[in-house]
Amino acid sequence: MSAPKRIWLTGASSGIGRSIAEKLAAKGHLLALTARSKEPLQEIAERFPGQILVLPADLTDASEVAVVGQAISKQWGALDWAILNAGTCEYVDVAEFEAAMFGRVMQTNVLGTAHCIEAALPLLRNGVQPRLVGVGSSVTFCPLPRAEAYGASKAAVRYLFQSLELDLALWNIGVTLVSPGFVETPLTENNDFPMPMQVSSEKAADTIISGIEKGRREISFPGPFIAVLKLIGSLPNALRFALTKGMARDAAKRSQS
């Protein structure tokens with residue numbers, strides 16, 4: 001195996017993030033793990049002694065993220081990969097539309113990501129074949145009902161990373177955008193609608209790690225689900241609307257589900 005990579009992974013306490021952390025640690029890499037909760041990160045650190053920096057933080061707080069960046073800099077002086085996986089999801093109920101929901105989701109998914117990028121870039125500039133990885137969503141390929149807040153936040157993440165790729169080429173920092181379909185996580189356990197072609201967090205982690213290792217610009221999965229979303233999303237608006245409006249449910253139907 002080549003020299004271990006120095007990797008910062010956010011959202012590492014559960015779901016996809018935890019699976020990525022465990023698989024990367026098993027490969028011998030050095031990991032700085034961040035999430036709001038310290039205990040799950042500590043559990044991973046105890047299983048892989050000498051490999052893990054436990055750096056809990058609220059990513060919506062710029063000062064806490066800056067402290068994480070300083071700790072990584074002090075320990076390693078550089079990053080080879082920064083995998084910004086942390087995120088949240090809330091679904092809109094148009095009968096009780098809440099603008100504050102957009103603030104919460106954007107605060108975590110967009111501003112929290114930007115805080116991490118600010119902390120990571122100086123470290124990536126000192127890394128070996130450095131790569132910045134952001135986790136978006138397949139929802140950006142096709143508008144879906146109730147996903148107004150979540151989809152808007154992930155569309156912002158998509159544009160952010162695709163634009164950054166242009167600017168970071170100056171420093172030879174690669175950029176990867178991950179666009180998953182439905183994945184079995186604590187977050188999706190609460191979903192009250194069908195999730196076609198759902199994959200396990202372990203399979204998602206394998207796909208993401210393999211894609212990063214290959215230097216892919218975008219990692220989208222599962223393939224058939226992504227293909228369907230892209231096809232529908234590319235249709236004229238009237239036809240796309242006709243095909244997808246049936247996915248919406250009124251309040252009475254939701255109360256019965």
# chains A, B, ... in the order shown; residues from 1 in each chain; ligands from 1
call {"tool": "select_by_dssp", "arguments": {"residues": "stretch 32-203 of chain A", "states": "strand (DSSP E or B)", "output": "ChimeraX atom specification"}}
result
/A:32-34,52-54,81-84,131-135,174-180,183,199
call {"tool": "write_last_selection", "arguments": {"atoms": "N, CA and C atoms", "output": "mmCIF file, in the first residue's frame"}}
result
data_model
loop_
_atom_site.group_PDB
_atom_site.id
_atom_site.type_symbol
_atom_site.label_atom_id
_atom_site.label_comp_id
_atom_site.auth_asym_id
_atom_site.auth_seq_id
_atom_site.Cartn_x
_atom_site.Cartn_y
_atom_site.Cartn_z
ATOM 1 N N ALA A 32 -9.149 12.527 10.382
ATOM 2 C CA ALA A 32 -9.684 13.517 11.310
ATOM 3 C C ALA A 32 -11.195 13.448 11.150
ATOM 4 N N LEU A 33 -11.889 13.025 12.204
ATOM 5 C CA LEU A 33 -13.325 12.796 12.129
ATOM 6 C C LEU A 33 -14.082 13.897 12.862
ATOM 7 N N THR A 34 -15.086 14.436 12.181
ATOM 8 C CA THR A 34 -15.882 15.516 12.759
ATOM 9 C C THR A 34 -17.363 15.197 12.668
ATOM 10 N N ILE A 52 -6.669 8.037 14.323
ATOM 11 C CA ILE A 52 -7.857 8.890 14.322
ATOM 12 C C ILE A 52 -7.669 10.129 15.195
ATOM 13 N N LEU A 53 -8.016 11.287 14.631
ATOM 14 C CA LEU A 53 -8.169 12.512 15.410
ATOM 15 C C LEU A 53 -9.665 12.724 15.630
ATOM 16 N N VAL A 54 -10.079 12.816 16.857
ATOM 17 C CA VAL A 54 -11.495 13.035 17.181
ATOM 18 C C VAL A 54 -11.699 14.529 17.370
ATOM 19 N N TRP A 81 -7.042 14.538 1.443
ATOM 20 C CA TRP A 81 -8.460 14.549 1.067
ATOM 21 C C TRP A 81 -9.250 15.276 2.141
ATOM 22 N N ALA A 82 -10.238 16.038 1.711
ATOM 23 C CA ALA A 82 -11.257 16.565 2.612
ATOM 24 C C ALA A 82 -12.597 16.092 2.074
ATOM 25 N N ILE A 83 -13.285 15.253 2.841
ATOM 26 C CA ILE A 83 -14.573 14.697 2.422
ATOM 27 C C ILE A 83 -15.663 15.354 3.257
ATOM 28 N N LEU A 84 -16.385 16.283 2.662
ATOM 29 C CA LEU A 84 -17.391 17.063 3.377
ATOM 30 C C LEU A 84 -18.753 16.399 3.186
ATOM 31 N N ARG A 131 -7.474 16.400 -2.834
ATOM 32 C CA ARG A 131 -8.809 16.332 -3.440
ATOM 33 C C ARG A 131 -9.847 16.802 -2.429
ATOM 34 N N LEU A 132 -10.716 17.685 -2.901
ATOM 35 C CA LEU A 132 -11.847 18.185 -2.117
ATOM 36 C C LEU A 132 -13.097 17.460 -2.583
ATOM 37 N N VAL A 133 -13.808 16.831 -1.647
ATOM 38 C CA VAL A 133 -14.974 16.024 -1.971
ATOM 39 C C VAL A 133 -16.194 16.585 -1.254
ATOM 40 N N GLY A 134 -17.263 16.806 -1.993
ATOM 41 C CA GLY A 134 -18.505 17.271 -1.390
ATOM 42 C C GLY A 134 -19.635 16.312 -1.693
ATOM 43 N N VAL A 135 -20.507 16.107 -0.713
ATOM 44 C CA VAL A 135 -21.647 15.216 -0.904
ATOM 45 C C VAL A 135 -22.888 16.052 -1.205
ATOM 46 N N GLY A 174 -7.887 18.567 -6.903
ATOM 47 C CA GLY A 174 -9.012 17.932 -7.579
ATOM 48 C C GLY A 174 -10.300 18.125 -6.807
ATOM 49 N N VAL A 175 -11.411 18.082 -7.501
ATOM 50 C CA VAL A 175 -12.720 18.260 -6.877
ATOM 51 C C VAL A 175 -13.640 17.122 -7.315
ATOM 52 N N THR A 176 -14.324 16.540 -6.347
ATOM 53 C CA THR A 176 -15.276 15.468 -6.607
ATOM 54 C C THR A 176 -16.611 15.815 -5.981
ATOM 55 N N LEU A 177 -17.688 15.648 -6.745
ATOM 56 C CA LEU A 177 -19.042 15.834 -6.219
ATOM 57 C C LEU A 177 -19.726 14.473 -6.169
ATOM 58 N N VAL A 178 -20.256 14.121 -5.008
ATOM 59 C CA VAL A 178 -20.953 12.852 -4.815
ATOM 60 C C VAL A 178 -22.461 13.120 -4.858
ATOM 61 N N SER A 179 -23.167 12.363 -5.685
ATOM 62 C CA SER A 179 -24.620 12.553 -5.839
ATOM 63 C C SER A 179 -25.330 11.221 -5.610
ATOM 64 N N PRO A 180 -25.597 10.881 -4.353
ATOM 65 C CA PRO A 180 -26.214 9.584 -4.064
ATOM 66 C C PRO A 180 -27.722 9.598 -4.312
ATOM 67 N N VAL A 183 -30.090 6.114 0.346
ATOM 68 C CA VAL A 183 -29.147 5.291 1.099
ATOM 69 C C VAL A 183 -29.734 5.022 2.478
ATOM 70 N N VAL A 199 -29.768 1.739 -1.363
ATOM 71 C CA VAL A 199 -28.560 0.951 -1.113
ATOM 72 C C VAL A 199 -28.135 1.121 0.340
#
call {"tool": "residues_around", "arguments": {"residues": "stretch 4-18 of chain A", "least_positions_apart": "4", "cutoff": "9 Å", "atoms": "only C-alpha atoms", "output": "PyMOL selection string"}}
result
chain A and resi 22-24+27-41+44+59+72+76+78-87+116+120+127-128+183-187+200-205
call {"tool": "closest_residue", "arguments": {"among": "A:Gly69, A:Pro145, A:Gly50, A:Gly136", "to": "A:Leu124", "atoms": "only C-alpha atoms"}}
result
A:Gly69
call {"tool": "closest_residue", "arguments": {"among": "A:Ser153, A:Gln42, A:Thr207, A:Asn126", "to": "A:Val139", "atoms": "only C-alpha atoms"}}
result
A:Ser153
call {"tool": "closest_atom_pairs", "arguments": {"of": "stretch 83-165 of chain A", "to": "stretch 216-232 of chain A", "cutoff": "7 Å", "atoms": "only C-alpha atoms", "output": "Markdown table"}}
result
| residue | atom | partner | partner_atom | distance |
| --- | --- | --- | --- | --- |
| A:Ser138 | CA | A:Ile226 | CA | 6.8 |
| A:Phe141 | CA | A:Lys230 | CA | 5.3 |
| A:Cys142 | CA | A:Leu229 | CA | 5.6 |
call {"tool": "write_last_selection", "arguments": {"atoms": "C-alpha atoms", "output": "compact mmCIF listing (two decimals), in the first residue's frame"}}
result
# COMPACT_ATOMS: atom_id res chain seq x y z
CA SER A 138 -29.33 12.98 -6.88
CA PHE A 141 -31.03 15.96 -11.39
CA CYS A 142 -34.82 16.26 -11.23
call {"tool": "closest_residue", "arguments": {"among": "A:Asp58, A:Glu64, A:Glu165, A:Glu213", "to": "A:Ala119", "atoms": "only C-alpha atoms"}}
result
A:Glu64
call {"tool": "closest_residue", "arguments": {"among": "A:Ala26, A:Leu121, A:Ala155, A:Ala62", "to": "A:Asn172", "atoms": "only C-alpha atoms"}}
result
A:Leu121
call {"tool": "atom_distance", "arguments": {"atom1": "atom CA of A:Arg158", "atom2": "atom CA of A:Val110"}}
result
10.0 Å
call {"tool": "atom_distance", "arguments": {"atom1": "atom CA of A:Thr88", "atom2": "atom CA of A:Arg125"}}
result
28.4 Å
call {"tool": "select_by_dssp", "arguments": {"residues": "stretch 56-254 of chain A", "states": "alpha helix (DSSP H)", "output": "number ranges by chain"}}
result
A: 62-75, 99-106, 112-124, 148-168, 201-213, 223-233, 237-244, 251-254
call {"tool": "residues_around", "arguments": {"residues": "A:Val92", "least_positions_apart": "3", "cutoff": "10 Å", "atoms": "only C-alpha atoms", "output": "PyMOL selection string"}}
result
chain A and resi 89+95-99+101-102+145-150
call {"tool": "closest_residue", "arguments": {"among": "A:Gln198, A:Ile117, A:Asp93, A:Gln70", "to": "A:Phe182", "atoms": "only C-alpha atoms"}}
result
A:Gln198
call {"tool": "atom_distance", "arguments": {"atom1": "atom CA of A:Val68", "atom2": "atom CA of A:Thr113"}}
result
13.5 Å
call {"tool": "closest_residue", "arguments": {"among": "A:Thr108, A:Gln129, A:Ser63, A:Thr244", "to": "A:Val157", "atoms": "only C-alpha atoms"}}
result
A:Thr108
call {"tool": "residues_around", "arguments": {"residues": "A:His115", "least_positions_apart": "3", "cutoff": "8 Å", "atoms": "only C-alpha atoms", "output": "list in words"}}
result
Leu59, Thr60, Asp61, Ala62, Val65, Ala66, Leu111, Gly112, Glu118 and Ala119 of chain A
call {"tool": "write_last_selection", "arguments": {"atoms": "N, CA and C atoms", "output": "PDB file, in the first residue's frame"}}
result
ATOM      1  N   LEU A  59     -20.726  22.375  12.583  1.00  0.00           N
ATOM      2  CA  LEU A  59     -20.180  22.966  11.367  1.00  0.00           C
ATOM      3  C   LEU A  59     -20.868  24.262  10.965  1.00  0.00           C
ATOM      4  N   THR A  60     -21.995  24.567  11.584  1.00  0.00           N
ATOM      5  CA  THR A  60     -22.628  25.856  11.306  1.00  0.00           C
ATOM      6  C   THR A  60     -21.979  26.986  12.095  1.00  0.00           C
ATOM      7  N   ASP A  61     -21.083  26.635  13.005  1.00  0.00           N
ATOM      8  CA  ASP A  61     -20.357  27.624  13.816  1.00  0.00           C
ATOM      9  C   ASP A  61     -18.948  27.786  13.243  1.00  0.00           C
ATOM     10  N   ALA A  62     -18.689  28.913  12.613  1.00  0.00           N
ATOM     11  CA  ALA A  62     -17.400  29.127  11.942  1.00  0.00           C
ATOM     12  C   ALA A  62     -16.228  29.017  12.899  1.00  0.00           C
ATOM     13  N   VAL A  65     -15.373  25.335  13.537  1.00  0.00           N
ATOM     14  CA  VAL A  65     -14.718  24.741  12.369  1.00  0.00           C
ATOM     15  C   VAL A  65     -13.277  25.218  12.265  1.00  0.00           C
ATOM     16  N   ALA A  66     -13.034  26.484  12.580  1.00  0.00           N
ATOM     17  CA  ALA A  66     -11.669  27.018  12.543  1.00  0.00           C
ATOM     18  C   ALA A  66     -10.780  26.279  13.532  1.00  0.00           C
ATOM     19  N   LEU A 111     -23.866  26.699   4.218  1.00  0.00           N
ATOM     20  CA  LEU A 111     -22.928  27.498   5.001  1.00  0.00           C
ATOM     21  C   LEU A 111     -21.956  26.611   5.776  1.00  0.00           C
ATOM     22  N   GLY A 112     -22.450  25.504   6.330  1.00  0.00           N
ATOM     23  CA  GLY A 112     -21.558  24.586   7.030  1.00  0.00           C
ATOM     24  C   GLY A 112     -20.494  24.027   6.108  1.00  0.00           C
ATOM     25  N   GLU A 118     -13.359  26.637   3.791  1.00  0.00           N
ATOM     26  CA  GLU A 118     -12.445  27.691   4.246  1.00  0.00           C
ATOM     27  C   GLU A 118     -11.311  27.112   5.092  1.00  0.00           C
ATOM     28  N   ALA A 119     -11.655  26.164   5.962  1.00  0.00           N
ATOM     29  CA  ALA A 119     -10.640  25.551   6.821  1.00  0.00           C
ATOM     30  C   ALA A 119      -9.757  24.565   6.060  1.00  0.00           C
TER      31      ALA A 119
END
